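A.B. asks: Below you'll find start.pdb; it's PDB, C-alpha atoms and all ligand atoms.
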```
ATOM      1  CA  MET A 921     -21.293 -41.736  13.123
ATOM      2  CA  TYR A 922     -24.131 -40.083  11.187
ATOM      3  CA  SER A 923     -27.182 -38.990  13.127
ATOM      4  CA  GLU A 924     -30.540 -40.387  12.057
ATOM      5  CA  GLU A 925     -31.173 -37.236  10.029
ATOM      6  CA  ARG A 926     -28.272 -38.091   7.738
ATOM      7  CA  ILE A 927     -29.807 -41.387   6.654
ATOM      8  CA  VAL A 928     -31.241 -40.425   3.302
ATOM      9  CA  PRO A 929     -32.704 -42.543   0.507
ATOM     10  CA  ARG A 930     -30.455 -43.599  -2.371
ATOM     11  CA  PRO A 931     -31.016 -41.480  -5.481
ATOM     12  CA  TRP A 932     -33.696 -43.262  -7.522
ATOM     13  CA  LEU A 933     -34.635 -40.770 -10.215
ATOM     14  CA  ALA A 934     -31.624 -40.857 -12.486
ATOM     15  CA  ASP A 935     -32.823 -42.697 -15.540
ATOM     16  CA  ALA A 936     -35.141 -42.029 -18.425
ATOM     17  CA  ARG A 937     -37.843 -44.470 -17.258
ATOM     18  CA  MET A 938     -38.148 -43.024 -13.737
ATOM     19  CA  THR A 939     -38.057 -39.484 -15.102
ATOM     20  CA  ARG A 940     -40.827 -40.266 -17.589
ATOM     21  CA  ASP A 941     -42.889 -41.895 -14.804
ATOM     22  CA  VAL A 942     -42.614 -38.850 -12.557
ATOM     23  CA  LEU A 943     -43.383 -36.424 -15.375
ATOM     24  CA  GLU A 944     -46.469 -38.417 -16.427
ATOM     25  CA  ARG A 945     -47.735 -38.827 -12.889
ATOM     26  CA  HIS A 946     -47.591 -35.051 -12.410
ATOM     27  CA  ASN A 947     -48.749 -34.279 -15.910
ATOM     28  CA  PHE A 948     -45.694 -32.039 -16.220
ATOM     29  CA  THR A 949     -44.427 -30.863 -19.589
ATOM     30  CA  MET A 950     -40.914 -29.447 -19.836
ATOM     31  CA  VAL A 951     -40.733 -25.930 -21.196
ATOM     32  CA  LYS A 952     -38.068 -24.445 -23.408
ATOM     33  CA  LYS A 953     -38.371 -20.957 -21.945
ATOM     34  CA  PHE A 954     -36.883 -22.205 -18.647
ATOM     35  CA  GLY A 955     -34.196 -24.324 -20.345
ATOM     36  CA  GLN A 956     -35.665 -27.550 -18.973
ATOM     37  CA  ASN A 957     -33.450 -30.430 -20.111
ATOM     38  CA  PHE A 958     -33.328 -32.956 -17.297
ATOM     39  CA  LEU A 959     -30.407 -35.304 -16.694
ATOM     40  CA  VAL A 960     -31.128 -38.995 -17.227
ATOM     41  CA  ASP A 961     -27.602 -40.441 -17.033
ATOM     42  CA  PRO A 962     -26.444 -41.767 -13.637
ATOM     43  CA  GLY A 963     -22.778 -41.739 -14.751
ATOM     44  CA  VAL A 964     -22.946 -38.027 -15.507
ATOM     45  CA  LEU A 965     -24.747 -37.257 -12.235
ATOM     46  CA  GLU A 966     -22.149 -39.198 -10.231
ATOM     47  CA  GLY A 967     -19.387 -37.423 -12.186
ATOM     48  CA  ILE A 968     -20.770 -33.971 -11.310
ATOM     49  CA  VAL A 969     -20.983 -34.769  -7.602
ATOM     50  CA  GLU A 970     -17.524 -36.327  -7.595
ATOM     51  CA  ALA A 971     -16.003 -33.316  -9.382
ATOM     52  CA  ALA A 972     -17.705 -30.938  -6.933
ATOM     53  CA  GLU A 973     -15.960 -32.710  -3.997
ATOM     54  CA  ILE A 974     -18.847 -32.416  -1.597
ATOM     55  CA  TYR A 975     -18.487 -33.388   2.058
ATOM     56  CA  PRO A 976     -20.995 -33.798   4.908
ATOM     57  CA  GLU A 977     -20.017 -30.407   6.368
ATOM     58  CA  ASP A 978     -20.814 -28.573   3.105
ATOM     59  CA  LEU A 979     -23.731 -26.311   2.280
ATOM     60  CA  VAL A 980     -24.525 -26.750  -1.402
ATOM     61  CA  ILE A 981     -26.637 -24.303  -3.368
ATOM     62  CA  GLU A 982     -28.227 -25.872  -6.427
ATOM     63  CA  ILE A 983     -29.562 -23.662  -9.199
ATOM     64  CA  GLY A 984     -32.573 -25.145 -11.001
ATOM     65  CA  PRO A 985     -33.260 -28.558  -9.421
ATOM     66  CA  GLY A 986     -35.894 -29.391 -12.055
ATOM     67  CA  ILE A 987     -37.581 -32.596 -10.847
ATOM     68  CA  GLY A 988     -34.819 -33.144  -8.279
ATOM     69  CA  THR A 989     -32.546 -35.628 -10.061
ATOM     70  CA  LEU A 990     -29.189 -34.010  -9.230
ATOM     71  CA  THR A 991     -30.640 -32.764  -5.936
ATOM     72  CA  GLN A 992     -31.035 -36.333  -4.668
ATOM     73  CA  TYR A 993     -27.309 -36.971  -5.236
ATOM     74  CA  LEU A 994     -26.381 -33.670  -3.596
ATOM     75  CA  CYS A 995     -28.505 -34.495  -0.546
ATOM     76  CA  VAL A 996     -26.621 -37.763  -0.061
ATOM     77  CA  ALA A 997     -23.205 -36.097  -0.267
ATOM     78  CA  ALA A 998     -23.755 -32.729   1.461
ATOM     79  CA  GLY A 999     -24.688 -31.572   4.940
ATOM     80  CA  GLN A1000     -27.342 -29.194   3.628
ATOM     81  CA  VAL A1001     -28.743 -28.357   0.206
ATOM     82  CA  VAL A1002     -30.640 -25.233  -0.802
ATOM     83  CA  ALA A1003     -32.228 -25.654  -4.240
ATOM     84  CA  VAL A1004     -33.576 -22.596  -6.060
ATOM     85  CA  GLU A1005     -36.144 -23.334  -8.787
ATOM     86  CA  ILE A1006     -38.039 -20.683 -10.772
ATOM     87  CA  ASP A1007     -40.882 -22.886 -12.052
ATOM     88  CA  LYS A1008     -43.713 -23.121  -9.544
ATOM     89  CA  LEU A1009     -45.238 -26.067 -11.424
ATOM     90  CA  LEU A1010     -42.228 -28.116 -10.284
ATOM     91  CA  MET A1011     -42.955 -27.557  -6.584
ATOM     92  CA  PRO A1012     -45.376 -30.515  -6.193
ATOM     93  CA  VAL A1013     -42.975 -32.720  -8.153
ATOM     94  CA  LEU A1014     -40.042 -31.806  -5.911
ATOM     95  CA  GLU A1015     -42.192 -32.386  -2.852
ATOM     96  CA  GLU A1016     -42.583 -35.993  -3.974
ATOM     97  CA  THR A1017     -39.084 -36.687  -5.331
ATOM     98  CA  LEU A1018     -37.287 -35.137  -2.358
ATOM     99  CA  ARG A1019     -39.476 -36.828   0.260
ATOM    100  CA  GLY A1020     -37.203 -38.488   2.805
ATOM    101  CA  TYR A1021     -34.300 -36.150   2.089
ATOM    102  CA  HIS A1022     -34.381 -34.073   5.257
ATOM    103  CA  ASN A1023     -31.415 -31.856   4.519
ATOM    104  CA  VAL A1024     -32.887 -29.923   1.593
ATOM    105  CA  GLU A1025     -34.797 -26.666   1.337
ATOM    106  CA  VAL A1026     -36.437 -25.721  -1.965
ATOM    107  CA  ILE A1027     -36.904 -22.037  -2.728
ATOM    108  CA  ASN A1028     -39.352 -21.182  -5.524
ATOM    109  CA  GLU A1029     -37.651 -18.095  -6.961
ATOM    110  CA  ASP A1030     -35.567 -16.749  -9.803
ATOM    111  CA  ILE A1031     -31.904 -17.277  -8.832
ATOM    112  CA  LEU A1032     -31.101 -13.772 -10.069
ATOM    113  CA  LYS A1033     -33.482 -12.362  -7.445
ATOM    114  CA  VAL A1034     -32.499 -14.521  -4.477
ATOM    115  CA  ASP A1035     -30.420 -12.970  -1.700
ATOM    116  CA  ILE A1036     -27.741 -15.681  -1.760
ATOM    117  CA  ASP A1037     -25.593 -13.778   0.716
ATOM    118  CA  ARG A1038     -28.365 -14.039   3.276
ATOM    119  CA  ILE A1039     -28.651 -17.811   2.711
ATOM    120  CA  VAL A1040     -24.886 -18.189   3.175
ATOM    121  CA  GLU A1041     -25.009 -16.057   6.318
ATOM    122  CA  GLU A1042     -28.031 -17.778   7.879
ATOM    123  CA  LYS A1043     -27.281 -21.363   6.942
ATOM    124  CA  ASN A1044     -23.483 -21.459   6.794
ATOM    125  CA  GLU A1045     -22.431 -18.644   9.131
ATOM    126  CA  GLY A1046     -20.961 -16.801   6.142
ATOM    127  CA  ARG A1047     -18.539 -19.641   5.255
ATOM    128  CA  PRO A1048     -18.039 -20.234   1.513
ATOM    129  CA  VAL A1049     -20.514 -22.576  -0.119
ATOM    130  CA  LYS A1050     -20.304 -24.956  -3.055
ATOM    131  CA  ILE A1051     -22.580 -24.131  -5.955
ATOM    132  CA  VAL A1052     -23.633 -26.970  -8.241
ATOM    133  CA  ALA A1053     -25.998 -26.887 -11.207
ATOM    134  CA  ASN A1054     -27.077 -28.201 -14.526
ATOM    135  CA  LEU A1055     -27.708 -24.639 -15.650
ATOM    136  CA  PRO A1056     -30.558 -23.439 -17.836
ATOM    137  CA  TYR A1057     -28.667 -22.506 -21.023
ATOM    138  CA  TYR A1058     -30.800 -19.446 -21.909
ATOM    139  CA  ILE A1059     -29.442 -17.583 -18.900
ATOM    140  CA  THR A1060     -26.012 -19.133 -18.217
ATOM    141  CA  THR A1061     -23.862 -16.012 -18.572
ATOM    142  CA  PRO A1062     -26.081 -13.706 -16.451
ATOM    143  CA  ILE A1063     -26.135 -16.338 -13.684
ATOM    144  CA  ILE A1064     -22.340 -16.764 -13.677
ATOM    145  CA  MET A1065     -21.720 -13.018 -13.847
ATOM    146  CA  THR A1066     -24.182 -12.411 -11.001
ATOM    147  CA  LEU A1067     -22.511 -14.997  -8.763
ATOM    148  CA  LEU A1068     -19.064 -13.563  -9.476
ATOM    149  CA  GLU A1069     -19.777  -9.838  -9.430
ATOM    150  CA  ARG A1070     -21.891 -10.007  -6.274
ATOM    151  CA  HIS A1071     -18.944 -11.636  -4.526
ATOM    152  CA  ILE A1072     -21.040 -14.538  -3.284
ATOM    153  CA  PRO A1073     -18.706 -16.391  -0.899
ATOM    154  CA  PHE A1074     -18.109 -19.647  -2.773
ATOM    155  CA  GLU A1075     -15.468 -22.333  -2.592
ATOM    156  CA  SER A1076     -16.310 -23.767  -5.994
ATOM    157  CA  ILE A1077     -18.939 -23.576  -8.707
ATOM    158  CA  THR A1078     -19.450 -26.845 -10.604
ATOM    159  CA  ILE A1079     -21.817 -26.369 -13.516
ATOM    160  CA  MET A1080     -23.082 -28.022 -16.666
ATOM    161  CA  VAL A1081     -23.026 -25.498 -19.488
ATOM    162  CA  GLN A1082     -23.094 -25.464 -23.258
ATOM    163  CA  LYS A1083     -19.651 -26.616 -24.517
ATOM    164  CA  GLU A1084     -19.010 -23.262 -26.240
ATOM    165  CA  VAL A1085     -19.617 -21.384 -22.989
ATOM    166  CA  ALA A1086     -17.147 -23.624 -21.127
ATOM    167  CA  ASP A1087     -14.600 -22.950 -23.908
ATOM    168  CA  ARG A1088     -15.137 -19.199 -23.469
ATOM    169  CA  MET A1089     -14.584 -19.398 -19.718
ATOM    170  CA  GLN A1090     -11.217 -21.131 -20.216
ATOM    171  CA  ALA A1091     -10.047 -19.103 -23.231
ATOM    172  CA  HIS A1092      -6.810 -17.097 -23.371
ATOM    173  CA  PRO A1093      -5.774 -14.008 -25.400
ATOM    174  CA  GLY A1094      -5.591 -14.574 -29.120
ATOM    175  CA  SER A1095      -8.353 -17.205 -29.147
ATOM    176  CA  LYS A1096     -11.685 -16.384 -30.807
ATOM    177  CA  ASP A1097     -13.417 -17.533 -27.598
ATOM    178  CA  TYR A1098     -11.585 -14.995 -25.429
ATOM    179  CA  GLY A1099     -13.845 -12.262 -24.109
ATOM    180  CA  ALA A1100     -15.430 -10.545 -21.119
ATOM    181  CA  LEU A1101     -16.658 -13.878 -19.697
ATOM    182  CA  SER A1102     -13.130 -15.385 -19.846
ATOM    183  CA  LEU A1103     -11.701 -12.425 -17.958
ATOM    184  CA  ALA A1104     -14.468 -12.315 -15.341
ATOM    185  CA  VAL A1105     -14.183 -16.032 -14.621
ATOM    186  CA  GLN A1106     -10.372 -16.028 -14.567
ATOM    187  CA  TYR A1107     -10.296 -12.918 -12.368
ATOM    188  CA  TYR A1108     -12.263 -14.667  -9.617
ATOM    189  CA  ALA A1109     -11.517 -18.349 -10.168
ATOM    190  CA  ASP A1110      -9.469 -21.108 -11.765
ATOM    191  CA  PRO A1111     -11.678 -22.822 -14.358
ATOM    192  CA  GLU A1112     -11.258 -26.451 -15.403
ATOM    193  CA  VAL A1113     -13.466 -28.531 -17.691
ATOM    194  CA  VAL A1114     -14.034 -31.810 -15.885
ATOM    195  CA  MET A1115     -16.370 -33.674 -18.236
ATOM    196  CA  SER A1116     -17.794 -33.602 -21.763
ATOM    197  CA  VAL A1117     -21.455 -34.546 -21.922
ATOM    198  CA  PRO A1118     -23.367 -35.619 -25.051
ATOM    199  CA  PRO A1119     -27.006 -34.634 -25.773
ATOM    200  CA  SER A1120     -28.098 -38.225 -24.972
ATOM    201  CA  ALA A1121     -27.571 -37.559 -21.235
ATOM    202  CA  PHE A1122     -30.629 -35.256 -21.181
ATOM    203  CA  MET A1123     -34.366 -35.446 -21.647
ATOM    204  CA  PRO A1124     -35.276 -33.854 -23.993
ATOM    205  CA  ARG A1125     -31.945 -33.879 -25.837
ATOM    206  CA  PRO A1126     -30.482 -30.406 -26.427
ATOM    207  CA  LYS A1127     -29.156 -29.572 -29.893
ATOM    208  CA  VAL A1128     -25.720 -28.738 -28.480
ATOM    209  CA  ASP A1129     -22.864 -30.546 -26.720
ATOM    210  CA  SER A1130     -22.308 -29.768 -23.059
ATOM    211  CA  SER A1131     -19.404 -29.611 -20.618
ATOM    212  CA  VAL A1132     -19.162 -29.675 -16.857
ATOM    213  CA  ILE A1133     -16.773 -26.963 -15.732
ATOM    214  CA  LYS A1134     -15.504 -26.371 -12.223
ATOM    215  CA  LEU A1135     -14.548 -22.891 -11.072
ATOM    216  CA  ASP A1136     -12.352 -23.004  -7.985
ATOM    217  CA  ALA A1137     -12.356 -19.699  -6.126
ATOM    218  CA  VAL A1138      -8.924 -18.105  -5.857
ATOM    219  CA  SER A1139      -7.824 -17.390  -2.297
ATOM    220  CA  GLU A1140      -5.896 -14.254  -3.293
ATOM    221  CA  PRO A1141      -6.813 -11.974  -6.212
ATOM    222  CA  LYS A1142      -4.610 -12.894  -9.203
ATOM    223  CA  VAL A1143      -4.121  -9.249 -10.124
ATOM    224  CA  ASN A1144      -4.204  -5.951  -8.292
ATOM    225  CA  VAL A1145      -6.883  -3.579  -9.509
ATOM    226  CA  SER A1146      -7.499  -0.272  -7.817
ATOM    227  CA  ASP A1147     -11.141  -0.118  -8.983
ATOM    228  CA  GLU A1148     -12.889  -3.406  -9.790
ATOM    229  CA  LYS A1149     -15.977  -1.728 -11.300
ATOM    230  CA  LEU A1150     -13.778   0.287 -13.642
ATOM    231  CA  PHE A1151     -11.864  -2.888 -14.589
ATOM    232  CA  PHE A1152     -15.049  -4.621 -15.733
ATOM    233  CA  LYS A1153     -16.356  -1.511 -17.534
ATOM    234  CA  ILE A1154     -13.085  -1.385 -19.480
ATOM    235  CA  VAL A1155     -13.210  -5.100 -20.282
ATOM    236  CA  ARG A1156     -16.825  -4.829 -21.501
ATOM    237  CA  ALA A1157     -16.090  -1.738 -23.576
ATOM    238  CA  CYS A1158     -13.195  -3.498 -25.314
ATOM    239  CA  PHE A1159     -15.166  -6.635 -26.178
ATOM    240  CA  ASN A1160     -18.461  -4.892 -27.045
ATOM    241  CA  GLN A1161     -16.633  -3.451 -30.019
ATOM    242  CA  ARG A1162     -14.295  -6.309 -30.685
ATOM    243  CA  ARG A1163     -13.267  -5.237 -34.163
ATOM    244  CA  LYS A1164     -12.333  -1.717 -33.114
ATOM    245  CA  THR A1165      -8.982  -0.690 -31.675
ATOM    246  CA  MET A1166      -8.970  -0.327 -27.923
ATOM    247  CA  VAL A1167      -8.645   3.451 -28.213
ATOM    248  CA  ASN A1168     -11.928   3.613 -30.144
ATOM    249  CA  GLY A1169     -13.679   0.957 -28.033
ATOM    250  CA  LEU A1170     -12.922   2.825 -24.810
ATOM    251  CA  LYS A1171     -13.617   6.232 -26.333
ATOM    252  CA  ASN A1172     -17.035   5.162 -27.669
ATOM    253  CA  SER A1173     -18.193   3.449 -24.479
ATOM    254  CA  GLU A1174     -21.213   5.039 -22.806
ATOM    255  CA  ASP A1175     -20.002   3.737 -19.435
ATOM    256  CA  LEU A1176     -16.657   5.527 -19.571
ATOM    257  CA  SER A1177     -15.708   9.179 -19.907
ATOM    258  CA  PHE A1178     -11.974   9.201 -20.633
ATOM    259  CA  SER A1179     -10.530  11.529 -23.239
ATOM    260  CA  LYS A1180      -8.634  10.148 -26.228
ATOM    261  CA  GLU A1181      -5.399  11.542 -24.732
ATOM    262  CA  GLU A1182      -5.974   9.790 -21.389
ATOM    263  CA  ILE A1183      -6.693   6.496 -23.138
ATOM    264  CA  GLU A1184      -3.656   6.784 -25.373
ATOM    265  CA  GLY A1185      -1.464   7.723 -22.401
ATOM    266  CA  ALA A1186      -2.642   4.652 -20.475
ATOM    267  CA  ILE A1187      -2.058   2.327 -23.433
ATOM    268  CA  ILE A1188       1.453   3.692 -23.936
ATOM    269  CA  SER A1189       2.143   3.322 -20.204
ATOM    270  CA  ILE A1190       1.523  -0.439 -20.445
ATOM    271  CA  ASP A1191       3.882  -0.701 -23.449
ATOM    272  CA  LYS A1192       1.243  -1.438 -26.063
ATOM    273  CA  PRO A1193       0.876   0.163 -29.499
ATOM    274  CA  LEU A1194      -2.058   2.546 -30.039
ATOM    275  CA  THR A1195      -3.485   0.105 -32.593
ATOM    276  CA  VAL A1196      -3.869  -2.632 -29.972
ATOM    277  CA  ARG A1197      -7.172  -4.554 -29.674
ATOM    278  CA  GLY A1198      -8.587  -5.737 -26.365
ATOM    279  CA  GLU A1199      -8.637  -9.367 -27.448
ATOM    280  CA  THR A1200      -4.830  -9.520 -27.248
ATOM    281  CA  LEU A1201      -4.516  -8.240 -23.667
ATOM    282  CA  THR A1202      -3.939 -10.606 -20.758
ATOM    283  CA  LEU A1203      -5.707 -10.337 -17.406
ATOM    284  CA  GLU A1204      -2.569  -8.697 -15.977
ATOM    285  CA  GLU A1205      -2.469  -6.146 -18.825
ATOM    286  CA  PHE A1206      -6.160  -5.267 -18.368
ATOM    287  CA  ALA A1207      -5.421  -4.724 -14.674
ATOM    288  CA  ALA A1208      -2.438  -2.476 -15.482
ATOM    289  CA  LEU A1209      -4.525  -0.503 -17.989
ATOM    290  CA  THR A1210      -7.310  -0.051 -15.415
ATOM    291  CA  ASN A1211      -4.852   1.225 -12.842
ATOM    292  CA  ALA A1212      -3.286   3.622 -15.362
ATOM    293  CA  LEU A1213      -6.708   4.997 -16.343
ATOM    294  CA  GLY A1214      -7.726   5.203 -12.675
ATOM    295  CA  ASP A1215      -4.581   7.239 -11.996
ATOM    296  CA  ALA A1216      -5.324   9.500 -14.983
ATOM    297  CA  ARG A1217      -8.738  10.243 -13.480
ATOM    298  CA  THR A1218      -7.477  10.989  -9.951
ATOM    299  CA  THR A1219      -4.740  13.324 -11.192
ATOM    300  CA  LEU A1220      -7.245  15.490 -13.110
TER     301      LEU A1220
HETATM  302  N1  LIG A1301     -31.162 -29.980 -12.227
HETATM  303  C1  LIG A1301     -32.100 -30.625 -13.109
HETATM  304  C2  LIG A1301     -31.419 -31.748 -13.852
HETATM  305  O1  LIG A1301     -30.190 -31.721 -13.920
HETATM  306  O2  LIG A1301     -32.102 -32.633 -14.341
HETATM  307  C3  LIG A1301     -32.732 -29.630 -14.083
HETATM  308  C4  LIG A1301     -31.763 -28.817 -14.917
HETATM  309  S1  LIG A1301     -32.543 -27.860 -16.195
HETATM  310  C5  LIG A1301     -31.243 -27.774 -17.374
HETATM  311  C6  LIG A1301     -32.543 -26.198 -15.581
HETATM  312  C7  LIG A1301     -33.516 -25.913 -14.443
HETATM  313  O3  LIG A1301     -33.374 -24.548 -14.057
HETATM  314  C8  LIG A1301     -34.986 -26.093 -14.816
HETATM  315  O4  LIG A1301     -35.633 -26.824 -13.826
HETATM  316  C9  LIG A1301     -35.533 -24.657 -14.877
HETATM  317  O5  LIG A1301     -36.920 -24.563 -14.565
HETATM  318  C10 LIG A1301     -34.654 -23.964 -13.849
HETATM  319  N2  LIG A1301     -34.501 -22.503 -14.052
HETATM  320  C11 LIG A1301     -34.562 -21.809 -15.220
HETATM  321  N3  LIG A1301     -34.341 -20.497 -15.001
HETATM  322  C12 LIG A1301     -34.138 -20.341 -13.672
HETATM  323  C13 LIG A1301     -33.869 -19.223 -12.826
HETATM  324  N4  LIG A1301     -33.759 -17.987 -13.330
HETATM  325  N5  LIG A1301     -33.748 -19.422 -11.489
HETATM  326  C14 LIG A1301     -33.866 -20.675 -10.972
HETATM  327  N6  LIG A1301     -34.109 -21.772 -11.709
HETATM  328  C15 LIG A1301     -34.234 -21.624 -13.045
END
```
Please, can you express the file's structure as structure tokens?
C.D. replies:
Amino acid sequence: MYSEERIVPRPWLADARMTRDVLERHNFTMVKKFGQNFLVDPGVLEGIVEAAEIYPEDLVIEIGPGIGTLTQYLCVAAGQVVAVEIDKLLMPVLEETLRGYHNVEVINEDILKVDIDRIVEEKNEGRPVKIVANLPYYITTPIIMTLLERHIPFESITIMVQKEVADRMQAHPGSKDYGALSLAVQYYADPEVVMSVPPSAFMPRPKVDSSVIKLDAVSEPKVNVSDEKLFFKIVRACFNQRRKTMVNGLKNSEDLSFSKEEIEGAIISIDKPLTVRGETLTLEEFAALTNALGDARTTL
């Protein structure tokens, strides 16, 4: 049986009329610079929470609660919610819309500056959390890369992103969408698009289509890399100069200091021609190349 604390109000904010009411009452105007497009479609909100598979024992971290629309749903499903919002003008709004939801803490901060590890440690004894968000589109890739590269302990990340970004996360070699983001996401997680969302689900309507994508953390690394930092430097170098051969991309990178001979030796060792481009290499081949280059460095 739930304790009294778990009795929370039903979400009441999820339509255009209620959203408009709240915004007017607080004299709040949405700003483009923070990517403020609020959800006004209950079906989409329910779909996000369902896809995220949230249970009463879960700690959910929400990035960018806005006026608290998705947050209300998360509070009903989860044990605890920590919502990180950059815009201080939204604090009084959230105070009103989240009144009665006792299992939520709002942090007024830039998600890129928050010590998420500390939150996970203090509030969830270090156990993996579920991250859920309708992300601000101006900063989607830096947020995803930060969560992944900092090794935030997560079970899943369920996020609304621009459709093109979701396509990039799922892309495979040979596709025009394949790049550093595809490899980073697929290195740490199994991505799956769970919903397509039209502009009409938001207020104001964005000019682009959106997708909800779920990234399930992998329990074991999919590939063996001796030096993860080197792996991502190599991946970035290859895709920063997409049109160049890999030899030139790696040679020209300011982050790497391998000689042409070392690079060519590593490429040959993974059975690829010297004219190969990074966009054709699989995750496994990037890992093998990293290990070959790592070996070249240690045998100097
Ligand atoms: N979750 C709400 C919804 O679905 O209606 C709002 C989503 S809106 C697309 C993105 C939210 O992220 C905005 O409230 C914006 O102010 C906030 N935001 C933008 N940049 C942020 C950052 N760096 N850290 C935390 N929140 C941010």
A.B. asks: Show me which residues line ligand LIG 1301 (chain A), defined as having an atom within 6 Å of a ligand atom where only C-alpha atoms and all ligand atoms count, and present them as a list of chain:residue names.
C.D. replies: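 Counting only C-alpha atoms and all ligand atoms, the residues within 6 Å of ligand LIG 1301 (chain A) come out as A:Phe954, A:Gly955, A:Gln956, A:Asn957, A:Phe958, A:Leu959, A:Ile983, A:Gly984, A:Pro985, A:Gly986, A:Thr989, A:Leu990, A:Val1004, A:Glu1005, A:Ile1006, A:Asp1007, A:Asp1030, A:Ile1031, A:Leu1032, A:Asn1054, A:Leu1055, A:Pro1056.
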A.B. asks: With range 1150-1174 of chain A as the partner and 9 Å as the cut-off, tabulate the residues of range 1054-1104 of chain A that qualify, each row holding the nearest pair of atoms and their distance in Å to one decimal, using all atoms listed in the file, sorted by chain and rising number, as a Markdown table.
C.D. replies:
```
| residue | atom | partner | partner_atom | distance |
| --- | --- | --- | --- | --- |
| A:Gly1099 | CA | A:Phe1159 | CA | 6.1 |
| A:Ala1100 | CA | A:Arg1156 | CA | 5.9 |
| A:Leu1103 | CA | A:Val1155 | CA | 7.8 |
| A:Ala1104 | CA | A:Phe1152 | CA | 7.7 |
```
A.B. asks: Using all atoms listed in the file, determine which residues lie at most 8 Å from range 1178-1190 of chain A, disregarding the query and same-chain residues fewer than 4 positions distant; provide the list as a PyMOL selection string.
C.D. replies: chain A and resi 1167+1170-1171+1194+1205+1208-1209+1212-1213+1216-1217
A.B. asks: From the set A:Leu933, A:Leu979, A:Leu965, A:Val942, which residue has the shortest atom-to-atom contact distance to Glu1045 in chain A, counting all atoms listed in the file?
C.D. replies: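 Looking at the shortest contact to Glu1045 in chain A, the residue is A:Leu979.
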A.B. asks: Kindly give the distance, in Å, that separates CA of Val1026 in chain A and CA of Val1001 in chain A, rounded to a single decimal.
C.D. replies: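 These atoms are spaced 8.4 Å apart.
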A.B. asks: Do a neighbour search on Val1143 in chain A at 9 Å with all atoms listed in the file, toss out local chain neighbours closer than 4 positions, and write the hits as a VMD selection string.
C.D. replies: chain A and resid 1107 1203 to 1204 1207 to 1208
A.B. asks: Care to translate the PyMOL selection byres (((chain A and resi 1052) around 6) and not hetatm) into actual residues of this file, as a list in words?
C.D. replies: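 Taken over the shown coordinates, the PyMOL selection byres (((chain A and resi 1052) around 6) and not hetatm) returns Glu982, Ile1051, Ala1053, Ile1077, Thr1078 and Ile1079 of chain A.
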A.B. asks: Which residues, written as a ChimeraX atom specification, have at least one atom at most 10 Å from Leu1010 in chain A, with all atoms listed in the file counted and residues fewer than 4 positions away on the same chain left out?
C.D. replies: /A:943,946,948-950,985-988,1005-1006,1014-1015,1028
